[in-house]
Amino acid sequence: MSAERSPELVRRPDASALADAVAERLLARIAEAQQQRGRAAVVLTGGGIGTATLRSVAAAPGRETVDWSRVELWWGDERYLPAGDPDRNDTGADEALLRAVPLDPAKVHRVAGPERSESVEASAADYAEALGAAPARDGLPDLDVLLLGVGPDAHVASLFPEHPAQDADGLAVPVHDSPKPPPTRVSLSWRAIGAAREVWLLAAGGEKASAVAAALAPGAERRTTPASGAHGRERTVWFLDDAAAAELPG
Ligand SMILES: O=C(O)[C@H](O)[C@@H](O)[C@H](O)[C@H](O)COP(=O)(O)O
């Protein structure tokens with residue numbers, strides 16, 4: 001059975017224990033990638049549990065095991081708003097972790113907002129170009145761990161059910177009319193998400209339970225239930241708290 005068909009499940013009682021579990025495993029995975037390849041590339045997610053995970057990383061003793069100057073950071077999606085806007089995903093990441101660790105700013109790959117790009121199309125094209133220039137494996141960006149929050153409608157990154165952004169061929173796609181505000185965003189495409197060695201889906205809270213059950217049900221379709229289509233090349237892991245796992249069979 002391929003990794004695509006059998007994701008791993010990690011379950012914790014609540015969101016706080018879940019964030020700690022993701023943080024611990026993320027630090028270990030980064031340290032391991034740096035040992036193997038001298039670098040690590042991580043794709044961050046916005047959202048409550050994604051940001052809580054970064055706070056847990058900041059507080060973890062294991063944070064010293066990582067050479068932060070050799071970590072490349074990307075985002076799975078970004079809201080098309082000016083730098084520093086409190087609704088941008090990278091603003092939350094800055095506050096939760098990024099300011100507290102000695103990253104190389106040249107390796108923190110932020111999506112340009114309207115003050116640095118002519119349009120969301122131009123911003124997505126620039127992001128795709130930057131990703132395309134990153135160290136590659138089989139012609140696609142070599143991303144070690146790609147984190148994805150899961151919406152109550154089962155969206156991941158800014159790929160929403162039935163949304164045309166799912167059809168993009170490039171590595172990053174402009175998103176208009178997002179059903180979750182704000183409406184204008186840049187998202188990684190399915191192609192970029194599927195390039196990651198490991199995709200980790202994070203869901204906490206009862207409002208995610210039906211999306212989680214739908215995405216993990218046999219025969220789930222990516223078009224209508226995007227989280228079902230997020231798979232890493234080597235591993236796919238679902239991190240759930242008890243409330244988010246409540247509608248899984250068994
Ligand atoms: O920009 C965003 O809104 C996100 O990146 C989005 O994909 C998010 O991760 C999910 O909606 C889960 O968010 P919560 O964990 O806050 O529910």
# chains A, B, ... in the order shown; residues from 1 in each chain; ligands from 1
$ residues_around --residues "A:Glu8" --least-positions-apart "6" --cutoff "12 Å" --atoms "only C-alpha atoms" --output "PyMOL selection string"
chain A and resi 2+198-201+216+231-232+234-240
$ closest_atom_pairs --of "chain A" --to "ligand 1" --cutoff "8 Å" --atoms "only C-alpha atoms and all ligand atoms" --output "CSV"
residue,atom,partner,partner_atom_place_in_ligand_line,distance
A:Thr45,CA,ligand 1,5 (O),4.9
A:Gly46,CA,ligand 1,5 (O),3.8
A:Gly47,CA,ligand 1,16 (O),3.2
A:Gly48,CA,ligand 1,16 (O),3.8
A:Ile49,CA,ligand 1,15 (O),4.8
A:Gly50,CA,ligand 1,15 (O),6.2
A:Gly76,CA,ligand 1,5 (O),6.8
A:Asp77,CA,ligand 1,5 (O),5.4
A:Glu78,CA,ligand 1,1 (O),5.6
A:Arg79,CA,ligand 1,1 (O),6.0
A:Arg88,CA,ligand 1,1 (O),7.5
A:Asn89,CA,ligand 1,1 (O),6.0
A:Leu148,CA,ligand 1,9 (O),5.8
A:Gly149,CA,ligand 1,9 (O),3.5
A:Val150,CA,ligand 1,12 (C),4.5
A:Gly151,CA,ligand 1,11 (O),4.1
A:Pro152,CA,ligand 1,17 (O),7.0
A:His155,CA,ligand 1,7 (O),6.3
A:Val156,CA,ligand 1,7 (O),4.6
A:Ala157,CA,ligand 1,7 (O),3.8
A:Ser158,CA,ligand 1,7 (O),5.3
A:Leu159,CA,ligand 1,7 (O),7.7
A:Lys180,CA,ligand 1,3 (O),6.8
A:Pro181,CA,ligand 1,3 (O),7.7
A:Arg185,CA,ligand 1,1 (O),7.9
A:Leu202,CA,ligand 1,15 (O),7.5
A:Ala203,CA,ligand 1,15 (O),6.5
A:Ala204,CA,ligand 1,15 (O),7.1
A:Lys208,CA,ligand 1,17 (O),7.8
$ residues_around --residues "stretch 121-138 of chain A" --least-positions-apart "5" --cutoff "9 Å" --atoms "only C-alpha atoms" --output "list in words"
Trp74, Tyr80, His109, Arg110, Val111, Ala112, Gly113, Pro114, Arg116, Leu143, Gly170, Leu171, Ala172, Val173, Pro174, Val175, Arg185, Val186, Ser187, Leu188, Ala192 and Ala195 of chain A
$ atom_distance --atom1 "atom CA of A:Pro218" --atom2 "atom CA of A:Leu140"
28.2 Å
$ select_by_dssp --residues "stretch 159-208 of chain A" --states "alpha helix (DSSP H)" --output "list in words"
Trp190, Arg191, Ala192 and Ile193 of chain A
$ write_last_selection --atoms "N, CA and C atoms" --output "mmCIF file, in the first residue's frame"
data_model
loop_
_atom_site.group_PDB
_atom_site.id
_atom_site.type_symbol
_atom_site.label_atom_id
_atom_site.label_comp_id
_atom_site.auth_asym_id
_atom_site.auth_seq_id
_atom_site.Cartn_x
_atom_site.Cartn_y
_atom_site.Cartn_z
ATOM 1 N N TRP A 190 -1.483 22.271 -5.958
ATOM 2 C CA TRP A 190 -1.387 20.836 -5.653
ATOM 3 C C TRP A 190 -0.014 20.277 -6.021
ATOM 4 N N ARG A 191 0.522 20.778 -7.132
ATOM 5 C CA ARG A 191 1.824 20.282 -7.595
ATOM 6 C C ARG A 191 2.908 20.560 -6.549
ATOM 7 N N ALA A 192 2.900 21.777 -6.003
ATOM 8 C CA ALA A 192 3.918 22.139 -5.002
ATOM 9 C C ALA A 192 3.693 21.350 -3.711
ATOM 10 N N ILE A 193 2.441 21.215 -3.306
ATOM 11 C CA ILE A 193 2.157 20.490 -2.056
ATOM 12 C C ILE A 193 2.629 19.037 -2.191
#
$ atom_distance --atom1 "atom CA of A:Thr224" --atom2 "atom CA of A:Ser178"
14.7 Å
$ closest_residue --among "A:Ala230, A:Ala58, A:Val42, A:Ile30" --to "A:Asp142" --atoms "only C-alpha atoms"
A:Val42
$ select_by_dssp --residues "stretch 10-222 of chain A" --states "strand (DSSP E or B)" --output "PyMOL selection string"
chain A and resi 10-12+40-44+71-75+77-79+108+136-137+140-141+145-150+156+159+172-175+185-188+198-203
$ atom_distance --atom1 "atom CA of A:Ala31" --atom2 "atom CA of A:Val66"
5.3 Å
$ residues_around --residues "A:Ala215" --least-positions-apart "5" --cutoff "7 Å" --atoms "only C-alpha atoms" --output "CSV table (one decimal) with C-alpha atoms, in the first residue's frame"
chain,number,residue,atom,x,y,z
A,220,ALA,CA,-12.8,11.0,-0.7
A,225,THR,CA,-12.7,17.7,0.1
A,227,ALA,CA,-7.6,17.8,2.6
A,228,SER,CA,-8.1,14.3,1.2
$ closest_residue --among "A:Glu115, A:Ala106, A:Thr51, A:Val71" --to "A:Ala93" --atoms "only C-alpha atoms"
A:Thr51
$ residues_around --residues "stretch 246-250 of chain A" --least-positions-apart "3" --cutoff "10 Å" --atoms "only C-alpha atoms" --output "ChimeraX atom specification"
/A:205-206,208-214,216-217,240-243
$ write_last_selection --atoms "N, CA and C atoms" --output "PDB file, in the first residue's frame"
ATOM      1  N   GLY A 205     -10.121  20.690  17.438  1.00  0.00           N
ATOM      2  CA  GLY A 205     -11.432  21.270  17.720  1.00  0.00           C
ATOM      3  C   GLY A 205     -12.552  20.546  16.997  1.00  0.00           C
ATOM      4  N   GLY A 206     -13.712  20.534  17.672  1.00  0.00           N
ATOM      5  CA  GLY A 206     -14.876  19.806  17.174  1.00  0.00           C
ATOM      6  C   GLY A 206     -15.389  20.329  15.842  1.00  0.00           C
ATOM      7  N   LYS A 208     -13.812  20.799  13.322  1.00  0.00           N
ATOM      8  CA  LYS A 208     -13.068  20.152  12.230  1.00  0.00           C
ATOM      9  C   LYS A 208     -13.438  18.670  12.079  1.00  0.00           C
ATOM     10  N   ALA A 209     -14.253  18.146  13.016  1.00  0.00           N
ATOM     11  CA  ALA A 209     -14.461  16.694  13.057  1.00  0.00           C
ATOM     12  C   ALA A 209     -15.058  16.140  11.761  1.00  0.00           C
ATOM     13  N   SER A 210     -16.050  16.842  11.205  1.00  0.00           N
ATOM     14  CA  SER A 210     -16.671  16.248  10.012  1.00  0.00           C
ATOM     15  C   SER A 210     -15.746  16.373   8.802  1.00  0.00           C
ATOM     16  N   ALA A 211     -14.973  17.457   8.732  1.00  0.00           N
ATOM     17  CA  ALA A 211     -14.018  17.599   7.618  1.00  0.00           C
ATOM     18  C   ALA A 211     -12.947  16.508   7.687  1.00  0.00           C
ATOM     19  N   VAL A 212     -12.470  16.235   8.891  1.00  0.00           N
ATOM     20  CA  VAL A 212     -11.432  15.211   9.069  1.00  0.00           C
ATOM     21  C   VAL A 212     -11.985  13.843   8.659  1.00  0.00           C
ATOM     22  N   ALA A 213     -13.197  13.537   9.121  1.00  0.00           N
ATOM     23  CA  ALA A 213     -13.787  12.233   8.787  1.00  0.00           C
ATOM     24  C   ALA A 213     -14.017  12.121   7.278  1.00  0.00           C
ATOM     25  N   ALA A 214     -14.474  13.225   6.664  1.00  0.00           N
ATOM     26  CA  ALA A 214     -14.732  13.181   5.215  1.00  0.00           C
ATOM     27  C   ALA A 214     -13.430  13.002   4.441  1.00  0.00           C
ATOM     28  N   LEU A 216     -10.666  11.597   5.385  1.00  0.00           N
ATOM     29  CA  LEU A 216     -10.028  10.295   5.591  1.00  0.00           C
ATOM     30  C   LEU A 216     -10.928   9.130   5.170  1.00  0.00           C
ATOM     31  N   ALA A 217     -12.131   9.450   4.692  1.00  0.00           N
ATOM     32  CA  ALA A 217     -13.037   8.374   4.262  1.00  0.00           C
ATOM     33  C   ALA A 217     -12.544   7.798   2.936  1.00  0.00           C
ATOM     34  N   LEU A 240      -4.175  15.121  15.096  1.00  0.00           N
ATOM     35  CA  LEU A 240      -5.550  15.448  15.506  1.00  0.00           C
ATOM     36  C   LEU A 240      -5.659  15.509  17.016  1.00  0.00           C
ATOM     37  N   ASP A 241      -6.488  16.419  17.511  1.00  0.00           N
ATOM     38  CA  ASP A 241      -6.848  16.287  18.921  1.00  0.00           C
ATOM     39  C   ASP A 241      -8.121  15.441  19.001  1.00  0.00           C
ATOM     40  N   ASP A 242      -8.497  15.080  20.228  1.00  0.00           N
ATOM     41  CA  ASP A 242      -9.631  14.163  20.367  1.00  0.00           C
ATOM     42  C   ASP A 242     -10.896  14.724  19.721  1.00  0.00           C
ATOM     43  N   ALA A 243     -11.103  16.044  19.876  1.00  0.00           N
ATOM     44  CA  ALA A 243     -12.336  16.638  19.332  1.00  0.00           C
ATOM     45  C   ALA A 243     -12.354  16.553  17.805  1.00  0.00           C
TER      46      ALA A 243
END
$ decode --residues "stretch 92-107 of chain A" --atoms "N, CA and C atoms" --output "mmCIF file, in the first residue's frame"
data_model
loop_
_atom_site.group_PDB
_atom_site.id
_atom_site.type_symbol
_atom_site.label_atom_id
_atom_site.label_comp_id
_atom_site.auth_asym_id
_atom_site.auth_seq_id
_atom_site.Cartn_x
_atom_site.Cartn_y
_atom_site.Cartn_z
ATOM 1 N N GLY A 92 1.646 36.337 12.131
ATOM 2 C CA GLY A 92 1.432 35.405 13.249
ATOM 3 C C GLY A 92 2.663 34.554 13.510
ATOM 4 N N ALA A 93 3.318 34.121 12.441
ATOM 5 C CA ALA A 93 4.522 33.285 12.587
ATOM 6 C C ALA A 93 5.671 34.095 13.199
ATOM 7 N N ASP A 94 5.789 35.361 12.782
ATOM 8 C CA ASP A 94 6.832 36.229 13.354
ATOM 9 C C ASP A 94 6.665 36.324 14.867
ATOM 10 N N GLU A 95 5.402 36.581 15.278
ATOM 11 C CA GLU A 95 5.153 36.766 16.703
ATOM 12 C C GLU A 95 5.342 35.473 17.476
ATOM 13 N N ALA A 96 4.950 34.347 16.876
ATOM 14 C CA ALA A 96 4.994 33.071 17.594
ATOM 15 C C ALA A 96 6.405 32.496 17.688
ATOM 16 N N LEU A 97 7.212 32.671 16.635
ATOM 17 C CA LEU A 97 8.527 32.004 16.615
ATOM 18 C C LEU A 97 9.634 32.780 15.905
ATOM 19 N N LEU A 98 9.330 33.331 14.756
ATOM 20 C CA LEU A 98 10.424 33.735 13.854
ATOM 21 C C LEU A 98 11.354 34.791 14.445
ATOM 22 N N ARG A 99 10.768 35.665 15.300
ATOM 23 C CA ARG A 99 11.629 36.693 15.904
ATOM 24 C C ARG A 99 12.532 36.124 16.974
ATOM 25 N N ALA A 100 12.174 34.934 17.464
ATOM 26 C CA ALA A 100 12.903 34.378 18.613
ATOM 27 C C ALA A 100 14.054 33.464 18.220
ATOM 28 N N VAL A 101 14.208 33.177 16.922
ATOM 29 C CA VAL A 101 15.275 32.255 16.510
ATOM 30 C C VAL A 101 16.153 32.926 15.445
ATOM 31 N N PRO A 102 17.449 32.556 15.412
ATOM 32 C CA PRO A 102 18.384 33.266 14.527
ATOM 33 C C PRO A 102 18.328 32.792 13.070
ATOM 34 N N LEU A 103 17.201 33.098 12.414
ATOM 35 C CA LEU A 103 17.029 32.724 11.002
ATOM 36 C C LEU A 103 17.859 33.640 10.111
ATOM 37 N N ASP A 104 18.196 33.152 8.927
ATOM 38 C CA ASP A 104 18.804 34.007 7.901
ATOM 39 C C ASP A 104 17.635 34.631 7.126
ATOM 40 N N PRO A 105 17.457 35.959 7.190
ATOM 41 C CA PRO A 105 16.293 36.577 6.527
ATOM 42 C C PRO A 105 16.202 36.222 5.044
ATOM 43 N N ALA A 106 17.346 35.944 4.405
ATOM 44 C CA ALA A 106 17.310 35.589 2.977
ATOM 45 C C ALA A 106 16.667 34.223 2.761
ATOM 46 N N LYS A 107 16.549 33.453 3.827
ATOM 47 C CA LYS A 107 15.958 32.111 3.700
ATOM 48 C C LYS A 107 14.501 32.081 4.180
#
